[in-house]
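Visitor: Input structure-v6.pdb, format and content: PDB, C-alpha atoms.
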ATOM      1  CA  MET A   1     -51.050  39.925   7.658  1.00  0.00           C
ATOM      2  CA  ALA A   2     -47.760  40.421   9.509  1.00  0.00           C
ATOM      3  CA  VAL A   3     -48.639  37.547  11.830  1.00  0.00           C
ATOM      4  CA  VAL A   4     -49.123  35.232   8.841  1.00  0.00           C
ATOM      5  CA  ILE A   5     -45.770  36.293   7.328  1.00  0.00           C
ATOM      6  CA  VAL A   6     -43.978  35.723  10.646  1.00  0.00           C
ATOM      7  CA  ALA A   7     -45.690  32.327  11.035  1.00  0.00           C
ATOM      8  CA  VAL A   8     -44.640  31.307   7.501  1.00  0.00           C
ATOM      9  CA  LEU A   9     -41.034  32.430   8.127  1.00  0.00           C
ATOM     10  CA  VAL A  10     -40.927  30.498  11.426  1.00  0.00           C
ATOM     11  CA  TRP A  11     -42.348  27.433   9.656  1.00  0.00           C
ATOM     12  CA  ILE A  12     -39.766  27.743   6.831  1.00  0.00           C
ATOM     13  CA  MET A  13     -36.895  28.138   9.318  1.00  0.00           C
ATOM     14  CA  SER A  14     -38.016  25.127  11.366  1.00  0.00           C
ATOM     15  CA  THR A  15     -38.418  23.046   8.193  1.00  0.00           C
ATOM     16  CA  ILE A  16     -34.904  23.979   7.069  1.00  0.00           C
ATOM     17  CA  GLN A  17     -33.533  23.098  10.502  1.00  0.00           C
ATOM     18  CA  VAL A  18     -35.296  19.707  10.481  1.00  0.00           C
ATOM     19  CA  LEU A  19     -34.011  18.960   6.970  1.00  0.00           C
ATOM     20  CA  ASN A  20     -30.470  19.911   8.011  1.00  0.00           C
ATOM     21  CA  ASN A  21     -30.679  17.679  11.096  1.00  0.00           C
ATOM     22  CA  ASN A  22     -32.012  14.781   8.991  1.00  0.00           C
ATOM     23  CA  TYR A  23     -29.200  15.271   6.483  1.00  0.00           C
ATOM     24  CA  ASN A  24     -26.549  15.214   9.233  1.00  0.00           C
ATOM     25  CA  LEU A  25     -28.101  12.126  10.835  1.00  0.00           C
ATOM     26  CA  GLN A  26     -28.242  10.343   7.474  1.00  0.00           C
ATOM     27  CA  ARG A  27     -24.549  11.164   6.906  1.00  0.00           C
ATOM     28  CA  GLN A  28     -23.726   9.663  10.296  1.00  0.00           C
ATOM     29  CA  VAL A  29     -25.720   6.529   9.447  1.00  0.00           C
ATOM     30  CA  ASP A  30     -23.995   6.217   6.058  1.00  0.00           C
ATOM     31  CA  ASN A  31     -20.557   6.619   7.666  1.00  0.00           C
ATOM     32  CA  ALA A  32     -21.424   3.992  10.276  1.00  0.00           C
ATOM     33  CA  VAL A  33     -22.571   1.587   7.538  1.00  0.00           C
ATOM     34  CA  LEU A  34     -19.344   2.145   5.607  1.00  0.00           C
ATOM     35  CA  ASP A  35     -17.252   1.627   8.759  1.00  0.00           C
ATOM     36  CA  ASN A  36     -19.177  -1.574   9.421  1.00  0.00           C
ATOM     37  CA  GLN A  37     -18.525  -2.826   5.882  1.00  0.00           C
ATOM     38  CA  VAL A  38     -14.807  -2.040   6.195  1.00  0.00           C
ATOM     39  CA  THR A  39     -14.656  -3.892   9.510  1.00  0.00           C
ATOM     40  CA  GLU A  40     -16.445  -6.896   7.988  1.00  0.00           C
ATOM     41  CA  LEU A  41     -13.967  -6.950   5.081  1.00  0.00           C
ATOM     42  CA  GLU A  42     -11.030  -6.724   7.493  1.00  0.00           C
ATOM     43  CA  ASN A  43     -12.500  -9.606   9.523  1.00  0.00           C
ATOM     44  CA  GLU A  44     -12.953 -11.698   6.382  1.00  0.00           C
ATOM     45  CA  ASN A  45      -9.384 -10.925   5.345  1.00  0.00           C
ATOM     46  CA  LEU A  46      -8.130 -12.005   8.776  1.00  0.00           C
ATOM     47  CA  ARG A  47     -10.188 -15.232   8.566  1.00  0.00           C
ATOM     48  CA  LEU A  48      -8.692 -16.032   5.161  1.00  0.00           C
ATOM     49  CA  GLU A  49      -5.205 -15.208   6.433  1.00  0.00           C
ATOM     50  CA  GLN A  50      -5.755 -17.489   9.422  1.00  0.00           C
ATOM     51  CA  MET A  51      -6.887 -20.284   7.098  1.00  0.00           C
ATOM     52  CA  TYR A  52      -3.743 -19.766   4.988  1.00  0.00           C
ATOM     53  CA  TYR A  53      -1.531 -20.019   8.063  1.00  0.00           C
ATOM     54  CA  GLN A  54      -3.041 -23.440   8.753  1.00  0.00           C
ATOM     55  CA  THR A  55      -2.230 -24.843   5.299  1.00  0.00           C
ATOM     56  CA  ASP A  56       0.638 -27.186   4.523  1.00  0.00           C
ATOM     57  CA  GLU A  57       1.878 -24.745   1.878  1.00  0.00           C
ATOM     58  CA  TYR A  58       2.456 -22.027   4.488  1.00  0.00           C
ATOM     59  CA  LEU A  59       4.166 -24.484   6.836  1.00  0.00           C
ATOM     60  CA  GLU A  60       6.490 -25.592   4.048  1.00  0.00           C
ATOM     61  CA  LEU A  61       7.318 -22.050   2.951  1.00  0.00           C
ATOM     62  CA  SER A  62       7.969 -20.857   6.500  1.00  0.00           C
ATOM     63  CA  ALA A  63      10.154 -23.907   7.236  1.00  0.00           C
ATOM     64  CA  ARG A  64      12.132 -23.221   4.086  1.00  0.00           C
ATOM     65  CA  SER A  65      12.665 -19.524   4.785  1.00  0.00           C
ATOM     66  CA  LEU A  66      12.974 -19.435   8.567  1.00  0.00           C
ATOM     67  CA  LEU A  67      14.641 -22.766   9.286  1.00  0.00           C
ATOM     68  CA  GLY A  68      16.566 -23.251   6.051  1.00  0.00           C
ATOM     69  CA  LYS A  69      14.854 -26.582   5.390  1.00  0.00           C
ATOM     70  CA  ALA A  70      14.575 -28.256   1.992  1.00  0.00           C
ATOM     71  CA  GLN A  71      12.718 -31.238   0.587  1.00  0.00           C
ATOM     72  CA  PRO A  72      14.549 -34.531  -0.053  1.00  0.00           C
ATOM     73  CA  GLY A  73      16.609 -34.312  -3.210  1.00  0.00           C
ATOM     74  CA  GLU A  74      16.845 -30.530  -3.138  1.00  0.00           C
ATOM     75  CA  HIS A  75      20.161 -28.834  -2.600  1.00  0.00           C
ATOM     76  CA  MET A  76      20.520 -25.439  -1.027  1.00  0.00           C
ATOM     77  CA  VAL A  77      22.937 -23.013  -2.580  1.00  0.00           C
ATOM     78  CA  ILE A  78      24.087 -20.223  -0.321  1.00  0.00           C
ATOM     79  CA  LEU A  79      25.569 -17.334  -2.248  1.00  0.00           C
ATOM     80  CA  PRO A  80      27.842 -14.762  -0.625  1.00  0.00           C
ATOM     81  CA  ARG A  81      26.521 -11.251  -0.232  1.00  0.00           C
ATOM     82  CA  ILE A  82      27.801  -8.837  -2.841  1.00  0.00           C
ATOM     83  CA  GLU A  83      28.949  -5.465  -1.599  1.00  0.00           C
ATOM     84  CA  HIS A  84      28.042  -2.738  -4.083  1.00  0.00           C
ATOM     85  CA  SER A  85      30.834  -0.253  -4.610  1.00  0.00           C
ATOM     86  CA  ALA A  86      31.519   2.702  -6.859  1.00  0.00           C
ATOM     87  CA  SER A  87      33.211   0.469  -9.427  1.00  0.00           C
ATOM     88  CA  GLU A  88      31.908  -2.754 -10.895  1.00  0.00           C
ATOM     89  CA  VAL A  89      33.775  -5.391 -12.850  1.00  0.00           C
ATOM     90  CA  THR A  90      32.462  -6.370 -16.279  1.00  0.00           C
ATOM     91  CA  ASP A  91      34.378  -8.442 -18.808  1.00  0.00           C
ATOM     92  CA  GLY A  92      37.455  -8.270 -16.603  1.00  0.00           C
ATOM     93  CA  ARG A  93      37.620  -4.470 -16.795  1.00  0.00           C
ATOM     94  CA  ALA A  94      36.765  -2.157 -13.936  1.00  0.00           C
ATOM     95  CA  VAL A  95      34.025   0.304 -14.793  1.00  0.00           C
ATOM     96  CA  VAL A  96      34.226   3.475 -12.744  1.00  0.00           C
ATOM     97  CA  GLU A  97      31.044   5.449 -12.272  1.00  0.00           C
ATOM     98  CA  LYS A  98      31.383   8.952 -13.716  1.00  0.00           C
ATOM     99  CA  SER A  99      29.397  11.993 -12.804  1.00  0.00           C
ATOM    100  CA  ASN A 100      26.585  13.065 -15.081  1.00  0.00           C
ATOM    101  CA  LEU A 101      28.615  16.064 -16.277  1.00  0.00           C
ATOM    102  CA  ASP A 102      31.617  13.873 -17.171  1.00  0.00           C
ATOM    103  CA  GLN A 103      29.354  11.460 -19.059  1.00  0.00           C
ATOM    104  CA  TRP A 104      27.871  14.345 -21.089  1.00  0.00           C
ATOM    105  CA  LEU A 105      31.307  15.774 -21.864  1.00  0.00           C
ATOM    106  CA  ASP A 106      32.507  12.349 -23.002  1.00  0.00           C
ATOM    107  CA  PHE A 107      29.426  12.002 -25.186  1.00  0.00           C
ATOM    108  CA  LEU A 108      29.686  15.479 -26.714  1.00  0.00           C
ATOM    109  CA  PHE A 109      33.409  15.333 -27.417  1.00  0.00           C
ATOM    110  CA  GLY A 110      33.422  11.705 -28.563  1.00  0.00           C
ATOM    111  CA  GLN A 111      35.604  10.254 -25.855  1.00  0.00           C
ATOM    112  CA  HIS A 112      34.956   6.552 -25.398  1.00  0.00           C
ATOM    113  CA  ASP A 113      36.527   4.227 -22.883  1.00  0.00           C
TER     114      ASP A 113
END
Please, can you express the file's structure as structure tokens?
Guide:
Amino acid sequence: MAVVIVAVLVWIMSTIQVLNNNYNLQRQVDNAVLDNQVTELENENLRLEQMYYQTDEYLELSARSLLGKAQPGEHMVILPRIEHSASEVTDGRAVVEKSNLDQWLDFLFGQHD
């Protein structure tokens, strides 16, 4: 009887080990399939990007941005860069940025500029 119990326990342990190995192998296969799908999507994205780079639209946009080119009849307007400072001018008056505490005190005590 003890031999049968030992044989059953050995069989159960080997079955569990085989199932665990199969599970780990299936996980590896699933991960490889997912990696393959991601690589295929990246390749497709690169193919589409390459096709876009060969279009006239891309050539026109890159010539406009990199070379400063324009189509006939278009005029380019170059605006000066604006330096942001602590004070801004609105309606001819200079607006000075106040701290959060000063803004709350002005609000609570009714002081308006």
Visitor: Provide the atom CA of A:Lys69 to atom CA of A:Thr55 distance in Å, to one decimal place.
Guide: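 These two atoms are separated by 17.2 Å.
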Visitor: Just how far from atom CA of A:Val29 is atom CA of A:Ile16, in Å to one decimal?
Guide: 19.9 Å
Visitor: Interatomic distance between atom CA of A:Gln111 and atom CA of A:Lys98?
Guide: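 For atom CA of A:Gln111 relative to atom CA of A:Lys98, the distance reads 12.9 Å.
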Visitor: Taking all listed atoms of stretch 69-72 of chain A, build the axis-aligned box, pad each of the six sides by 6 Å, then write its centre and edge lengths in Å to one decimal as AutoDock Vina command-line options.
Guide:
--center_x 13.8 --center_y -30.6 --center_z 2.7 --size_x 14.1 --size_y 19.9 --size_z 17.4
